[in-house]
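Some notes on the structure that comes next.
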Amino acid sequence: MPTMIRDQAKKPGRPKAASGAVTKAAGAKGAGKTIAKPGKGIIAVAPPSFRRERALLKQGIWPVAGCDEAGRGPLAGPVVAAAVILDPNRIPKGLDDSKRLSAEQREALFDKICKTSAFAVAMASPARIDRDNILRASLWALSRAVRALPEAPKHVFVDGRDRIDVDCNCEAVIGGDGLVMSIAAASIVAKVTRDRLMCALAQDCPGYGFEQHKGYGVPEHLAALDRLGPSVHHRSLFAPVVAARQKHQPLAVRPEPDLFAEITVVTSTEISLQA
């Protein structure tokens with residue numbers, strides 16, 4: 001987890017750190033980037049480690065897989081899940097939470113992971129997301145990715161609060177993509193796979209800018225959605241998509257049923273006449 005290192009008491013003649021400067025944590029073995037924020041001390045962000053996987057390996061529990069997903073929040077495209085079993089002797093350098101890496105770094109690490117590790121990818125389509133909801137669709141895809149691995153793992157680490165349905169022990173790790181190295185590797189595989197897919201969908205449905213925002217609800221995407229209406233790749237039940245469909249296809253939007261439409265009102269006069 002991110003560690004906060006408070007500024008020490010000021011001493012006479014001690015130079016001040018530049019505001020917003022990025023430095024290395026002094027004396028910390030394997031420390032990651034640290035970011036100085038005005039008035040908030042220095043936040044030291046350690047990279048994920050292989051400690052949990054190595055502990056299981058020492059107990060004779062192997063293979064160990066990490067899994068993560070990409071694409072829960074977007075308005076379009078599938079959610080993509082990945083599972084990775086790292087080779088303890090060939091772990092690519094620089095593995096980290098995909099959100100902390102640039103696109104170029106993710107692409108380079110993706111190639112290294114694919115060359116040195118066992119991995120699998122599974123996707124949940126917008127139709128499944130609409131049917132099951134985004135959480136259930138994500139957990140389903142994560143389970144499918146683990147089951148698709150070339151070798152069945154004996155332990156699985158999954159990012160988040162929820163464990164998944166697999167045939168071995170499963171451990172949910174909140175913030176796992178920044179803590180557990182195999183989860184970090186899975187986050188990179190899932191992110192790069194989904195980004196490439198969204199670039200391909202941009203060619204199928206030009207005008208929405210999928211190649212730029214990857215389906216997320218940024219202002220440019222919302223403007224295109226309002227201008228063009230939903231595509232076949234949009235998630236039908238997400239609120240901005242529903243609003244755009246109401247504008248462009250009002251007849252296709254099913255109104256909410258009137259629960260009182262079929263109720264027959266019988267007056268006391270009618271009751272007395274029937275008697």
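As shown in the structure tokens, the chain order sets the letters A, B, ...; within each chain, residues go from 1, and ligands are also counted from 1 in the order they appear.
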
Give me, as a VMD selection string, all polymer residues having an atom no more than 9 Å from segment 237-250 of chain A, counting only C-alpha atoms and skipping those fewer than 2 positions away in the same chain. chain A and resid 75 to 76 129 to 130 133 217 222 225 to 230 234 to 235 252 to 254

Just the residues within 6 Å of segment 178-190 of chain A, please, counting only C-alpha atoms, with nothing from its chain fewer than 6 positions along; format it as a PyMOL selection string. chain A and resi 48-50+66-70+80-84+96-98+110

Emit the selected residues as a compact mmCIF listing (two decimals), in the first residue's frame, including N, CA, C and O atoms.
```txt
# COMPACT_ATOMS: atom_id res chain seq x y z
N PRO A 48 4.91 -3.46 -6.97
CA PRO A 48 4.44 -4.77 -6.50
C PRO A 48 5.60 -5.73 -6.32
O PRO A 48 6.65 -5.58 -6.95
N SER A 49 5.42 -6.71 -5.44
CA SER A 49 6.49 -7.66 -5.16
C SER A 49 6.04 -9.08 -5.48
O SER A 49 4.85 -9.36 -5.66
N PHE A 50 7.02 -9.97 -5.49
CA PHE A 50 6.78 -11.40 -5.73
C PHE A 50 6.75 -12.18 -4.41
O PHE A 50 6.82 -13.39 -4.39
N GLY A 66 -2.04 -14.88 -11.06
CA GLY A 66 -2.65 -13.59 -10.71
C GLY A 66 -3.62 -13.21 -11.80
O GLY A 66 -3.38 -13.51 -12.98
N CYS A 67 -4.75 -12.59 -11.45
CA CYS A 67 -5.71 -12.19 -12.48
C CYS A 67 -6.29 -10.82 -12.18
O CYS A 67 -6.40 -10.41 -11.02
N ASP A 68 -6.62 -10.14 -13.23
CA ASP A 68 -7.18 -8.79 -13.14
C ASP A 68 -7.98 -8.52 -14.40
O ASP A 68 -7.87 -9.25 -15.39
N GLU A 69 -8.79 -7.47 -14.35
CA GLU A 69 -9.61 -7.12 -15.50
C GLU A 69 -9.39 -5.66 -15.89
O GLU A 69 -8.87 -4.87 -15.10
N ALA A 70 -9.81 -5.32 -17.09
CA ALA A 70 -9.77 -3.94 -17.57
C ALA A 70 -11.10 -3.64 -18.26
O ALA A 70 -11.60 -4.48 -19.00
N VAL A 80 -12.39 -7.01 -20.24
CA VAL A 80 -11.37 -8.00 -20.59
C VAL A 80 -10.65 -8.44 -19.32
O VAL A 80 -10.18 -7.61 -18.54
N ALA A 81 -10.57 -9.75 -19.12
CA ALA A 81 -9.89 -10.32 -17.96
C ALA A 81 -8.66 -11.10 -18.42
O ALA A 81 -8.67 -11.70 -19.49
N ALA A 82 -7.62 -11.08 -17.61
CA ALA A 82 -6.40 -11.82 -17.91
C ALA A 82 -5.93 -12.56 -16.68
O ALA A 82 -6.12 -12.09 -15.54
N ALA A 83 -5.33 -13.72 -16.89
CA ALA A 83 -4.70 -14.49 -15.83
C ALA A 83 -3.27 -14.79 -16.26
O ALA A 83 -3.03 -15.14 -17.42
N VAL A 84 -2.32 -14.66 -15.33
CA VAL A 84 -0.90 -14.82 -15.66
C VAL A 84 -0.22 -15.67 -14.60
O VAL A 84 -0.43 -15.47 -13.39
N ASP A 96 4.36 -3.38 -12.96
CA ASP A 96 3.67 -2.48 -12.05
C ASP A 96 2.19 -2.45 -12.42
O ASP A 96 1.79 -2.98 -13.47
N ASP A 97 1.40 -1.85 -11.56
CA ASP A 97 0.00 -1.61 -11.87
C ASP A 97 -0.08 -0.90 -13.22
O ASP A 97 0.60 0.10 -13.45
N SER A 98 -0.91 -1.41 -14.11
CA SER A 98 -0.98 -0.84 -15.46
C SER A 98 -1.32 0.64 -15.46
O SER A 98 -0.94 1.37 -16.36
N PHE A 110 4.03 -5.98 -22.04
CA PHE A 110 3.09 -6.97 -22.57
C PHE A 110 3.85 -8.02 -23.38
O PHE A 110 3.65 -9.23 -23.21
```

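Non-sequential neighbours of Gly94 of chain A (distance at most 9 Å, separation of 3 or more positions within a chain, only C-alpha atoms) are A:Pro47, A:Gln105, A:Leu109.
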
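Among A:Glu171, A:Glu211, A:Asp162, A:Glu104, the residue with the shortest atom-to-atom distance to Glu53 of chain A, counting only C-alpha atoms, is A:Glu171.
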
Which residues in segment 112-173 of chain A does DSSP call strand (DSSP E or B)? List them as a list in words. Ala118, Phe119, Ala120, Val121, Ala122, Met123, Ala124, His155, Val156, Phe157, Val158, Asp159, Asn169, Cys170, Glu171, Ala172 and Val173 of chain A

Export, as a PDB file, in the first residue's frame, the selected residues with C-alpha atoms.
```
ATOM      1  CA  ALA A 118       1.775 -18.587 -19.121  1.00  0.00           C
ATOM      2  CA  PHE A 119      -1.291 -16.422 -19.673  1.00  0.00           C
ATOM      3  CA  ALA A 120      -4.895 -16.467 -20.850  1.00  0.00           C
ATOM      4  CA  VAL A 121      -7.481 -13.819 -21.709  1.00  0.00           C
ATOM      5  CA  ALA A 122     -11.286 -13.881 -21.569  1.00  0.00           C
ATOM      6  CA  MET A 123     -13.873 -11.253 -22.445  1.00  0.00           C
ATOM      7  CA  ALA A 124     -17.415 -10.467 -21.383  1.00  0.00           C
ATOM      8  CA  HIS A 155      -3.625 -20.825  -5.987  1.00  0.00           C
ATOM      9  CA  VAL A 156      -5.075 -17.673  -7.521  1.00  0.00           C
ATOM     10  CA  PHE A 157      -4.656 -14.050  -6.516  1.00  0.00           C
ATOM     11  CA  VAL A 158      -7.402 -11.772  -7.828  1.00  0.00           C
ATOM     12  CA  ASP A 159      -7.516  -7.992  -7.658  1.00  0.00           C
ATOM     13  CA  ASN A 169      -7.756 -21.615  -3.454  1.00  0.00           C
ATOM     14  CA  CYS A 170      -8.550 -18.030  -4.409  1.00  0.00           C
ATOM     15  CA  GLU A 171      -7.374 -14.976  -2.503  1.00  0.00           C
ATOM     16  CA  ALA A 172      -8.855 -11.536  -3.167  1.00  0.00           C
ATOM     17  CA  VAL A 173      -6.386  -8.687  -2.650  1.00  0.00           C
TER      18      VAL A 173
END
```

Just the alpha helix (DSSP H) stuff from segment 113-159 of chain A, please, per backbone DSSP, written as a PDB file with N, CA, C and O atoms, in the first residue's frame.
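states28.pdb, freshly written:
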```pdb
ATOM      1  N   ILE A 113       5.922 -10.232 -21.025  1.00  0.00           N
ATOM      2  CA  ILE A 113       5.091 -11.158 -20.259  1.00  0.00           C
ATOM      3  C   ILE A 113       4.669 -12.333 -21.134  1.00  0.00           C
ATOM      4  O   ILE A 113       4.721 -13.497 -20.714  1.00  0.00           O
ATOM      5  N   CYS A 114       4.264 -12.043 -22.349  1.00  0.00           N
ATOM      6  CA  CYS A 114       3.807 -13.098 -23.255  1.00  0.00           C
ATOM      7  C   CYS A 114       4.939 -14.074 -23.613  1.00  0.00           C
ATOM      8  O   CYS A 114       4.684 -15.256 -23.852  1.00  0.00           O
ATOM      9  N   LYS A 115       6.189 -13.587 -23.620  1.00  0.00           N
ATOM     10  CA  LYS A 115       7.325 -14.440 -23.983  1.00  0.00           C
ATOM     11  C   LYS A 115       7.821 -15.290 -22.823  1.00  0.00           C
ATOM     12  O   LYS A 115       8.435 -16.337 -23.040  1.00  0.00           O
ATOM     13  N   THR A 116       7.558 -14.850 -21.597  1.00  0.00           N
ATOM     14  CA  THR A 116       8.149 -15.519 -20.438  1.00  0.00           C
ATOM     15  C   THR A 116       7.142 -16.182 -19.510  1.00  0.00           C
ATOM     16  O   THR A 116       7.546 -16.904 -18.589  1.00  0.00           O
ATOM     17  N   PRO A 126     -20.613  -6.706 -24.293  1.00  0.00           N
ATOM     18  CA  PRO A 126     -21.624  -5.768 -23.807  1.00  0.00           C
ATOM     19  C   PRO A 126     -22.968  -6.442 -23.560  1.00  0.00           C
ATOM     20  O   PRO A 126     -23.684  -6.053 -22.618  1.00  0.00           O
ATOM     21  N   ALA A 127     -23.327  -7.449 -24.370  1.00  0.00           N
ATOM     22  CA  ALA A 127     -24.595  -8.141 -24.166  1.00  0.00           C
ATOM     23  C   ALA A 127     -24.603  -8.869 -22.825  1.00  0.00           C
ATOM     24  O   ALA A 127     -25.616  -8.856 -22.102  1.00  0.00           O
ATOM     25  N   ARG A 128     -23.489  -9.506 -22.466  1.00  0.00           N
ATOM     26  CA  ARG A 128     -23.423 -10.182 -21.171  1.00  0.00           C
ATOM     27  C   ARG A 128     -23.431  -9.164 -20.034  1.00  0.00           C
ATOM     28  O   ARG A 128     -24.048  -9.400 -18.983  1.00  0.00           O
ATOM     29  N   ILE A 129     -22.757  -8.051 -20.230  1.00  0.00           N
ATOM     30  CA  ILE A 129     -22.757  -6.998 -19.206  1.00  0.00           C
ATOM     31  C   ILE A 129     -24.176  -6.491 -18.978  1.00  0.00           C
ATOM     32  O   ILE A 129     -24.613  -6.290 -17.834  1.00  0.00           O
ATOM     33  N   ASP A 130     -24.932  -6.285 -20.066  1.00  0.00           N
ATOM     34  CA  ASP A 130     -26.317  -5.834 -19.942  1.00  0.00           C
ATOM     35  C   ASP A 130     -27.166  -6.878 -19.225  1.00  0.00           C
ATOM     36  O   ASP A 130     -28.052  -6.539 -18.439  1.00  0.00           O
ATOM     37  N   ARG A 131     -26.891  -8.142 -19.490  1.00  0.00           N
ATOM     38  CA  ARG A 131     -27.709  -9.205 -18.911  1.00  0.00           C
ATOM     39  C   ARG A 131     -27.380  -9.467 -17.438  1.00  0.00           C
ATOM     40  O   ARG A 131     -28.281  -9.598 -16.604  1.00  0.00           O
ATOM     41  N   ASP A 132     -26.081  -9.501 -17.125  1.00  0.00           N
ATOM     42  CA  ASP A 132     -25.659  -9.938 -15.788  1.00  0.00           C
ATOM     43  C   ASP A 132     -25.290  -8.805 -14.848  1.00  0.00           C
ATOM     44  O   ASP A 132     -25.208  -9.027 -13.645  1.00  0.00           O
ATOM     45  N   ILE A 134     -22.280  -5.391 -14.602  1.00  0.00           N
ATOM     46  CA  ILE A 134     -20.844  -5.306 -14.867  1.00  0.00           C
ATOM     47  C   ILE A 134     -20.031  -6.109 -13.869  1.00  0.00           C
ATOM     48  O   ILE A 134     -19.010  -6.723 -14.225  1.00  0.00           O
ATOM     49  N   LEU A 135     -20.434  -6.156 -12.610  1.00  0.00           N
ATOM     50  CA  LEU A 135     -19.668  -6.907 -11.617  1.00  0.00           C
ATOM     51  C   LEU A 135     -19.703  -8.401 -11.923  1.00  0.00           C
ATOM     52  O   LEU A 135     -18.656  -9.057 -11.971  1.00  0.00           O
ATOM     53  N   ARG A 136     -20.883  -8.956 -12.134  1.00  0.00           N
ATOM     54  CA  ARG A 136     -20.987 -10.388 -12.405  1.00  0.00           C
ATOM     55  C   ARG A 136     -20.303 -10.758 -13.712  1.00  0.00           C
ATOM     56  O   ARG A 136     -19.657 -11.815 -13.806  1.00  0.00           O
ATOM     57  N   ALA A 137     -20.427  -9.901 -14.709  1.00  0.00           N
ATOM     58  CA  ALA A 137     -19.758 -10.172 -15.983  1.00  0.00           C
ATOM     59  C   ALA A 137     -18.242 -10.160 -15.809  1.00  0.00           C
ATOM     60  O   ALA A 137     -17.530 -10.988 -16.402  1.00  0.00           O
ATOM     61  N   SER A 138     -17.720  -9.264 -14.993  1.00  0.00           N
ATOM     62  CA  SER A 138     -16.284  -9.197 -14.752  1.00  0.00           C
ATOM     63  C   SER A 138     -15.792 -10.444 -14.026  1.00  0.00           C
ATOM     64  O   SER A 138     -14.758 -11.027 -14.394  1.00  0.00           O
ATOM     65  N   LEU A 139     -16.511 -10.868 -12.997  1.00  0.00           N
ATOM     66  CA  LEU A 139     -16.115 -12.062 -12.254  1.00  0.00           C
ATOM     67  C   LEU A 139     -16.197 -13.306 -13.138  1.00  0.00           C
ATOM     68  O   LEU A 139     -15.357 -14.212 -13.033  1.00  0.00           O
ATOM     69  N   TRP A 140     -17.193 -13.346 -14.012  1.00  0.00           N
ATOM     70  CA  TRP A 140     -17.314 -14.468 -14.949  1.00  0.00           C
ATOM     71  C   TRP A 140     -16.104 -14.510 -15.883  1.00  0.00           C
ATOM     72  O   TRP A 140     -15.524 -15.575 -16.119  1.00  0.00           O
ATOM     73  N   ALA A 141     -15.712 -13.358 -16.417  1.00  0.00           N
ATOM     74  CA  ALA A 141     -14.568 -13.304 -17.327  1.00  0.00           C
ATOM     75  C   ALA A 141     -13.278 -13.675 -16.610  1.00  0.00           C
ATOM     76  O   ALA A 141     -12.423 -14.380 -17.175  1.00  0.00           O
ATOM     77  N   LEU A 142     -13.109 -13.229 -15.376  1.00  0.00           N
ATOM     78  CA  LEU A 142     -11.915 -13.579 -14.607  1.00  0.00           C
ATOM     79  C   LEU A 142     -11.829 -15.088 -14.399  1.00  0.00           C
ATOM     80  O   LEU A 142     -10.760 -15.692 -14.552  1.00  0.00           O
ATOM     81  N   SER A 143     -12.957 -15.701 -14.062  1.00  0.00           N
ATOM     82  CA  SER A 143     -12.990 -17.150 -13.878  1.00  0.00           C
ATOM     83  C   SER A 143     -12.642 -17.873 -15.170  1.00  0.00           C
ATOM     84  O   SER A 143     -11.881 -18.846 -15.177  1.00  0.00           O
ATOM     85  N   ARG A 144     -13.192 -17.395 -16.286  1.00  0.00           N
ATOM     86  CA  ARG A 144     -12.912 -18.014 -17.584  1.00  0.00           C
ATOM     87  C   ARG A 144     -11.435 -17.898 -17.940  1.00  0.00           C
ATOM     88  O   ARG A 144     -10.842 -18.819 -18.514  1.00  0.00           O
ATOM     89  N   ALA A 145     -10.817 -16.761 -17.624  1.00  0.00           N
ATOM     90  CA  ALA A 145      -9.397 -16.576 -17.931  1.00  0.00           C
ATOM     91  C   ALA A 145      -8.538 -17.570 -17.146  1.00  0.00           C
ATOM     92  O   ALA A 145      -7.617 -18.179 -17.696  1.00  0.00           O
ATOM     93  N   VAL A 146      -8.838 -17.750 -15.873  1.00  0.00           N
ATOM     94  CA  VAL A 146      -8.076 -18.693 -15.051  1.00  0.00           C
ATOM     95  C   VAL A 146      -8.242 -20.115 -15.580  1.00  0.00           C
ATOM     96  O   VAL A 146      -7.279 -20.880 -15.699  1.00  0.00           O
ATOM     97  N   ARG A 147      -9.470 -20.485 -15.928  1.00  0.00           N
ATOM     98  CA  ARG A 147      -9.732 -21.837 -16.418  1.00  0.00           C
ATOM     99  C   ARG A 147      -9.094 -22.087 -17.785  1.00  0.00           C
ATOM    100  O   ARG A 147      -8.890 -23.235 -18.177  1.00  0.00           O
TER     101      ARG A 147
END
```

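The space separating atom CA of Arg100 of chain A from atom CA of Ala46 of chain A comes to 11.3 Å.
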
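Considering only C-alpha atoms, the residue among A:Ile61, A:Leu56, A:Val79, A:Ile91 positioned nearest to Leu197 of chain A is A:Val79.
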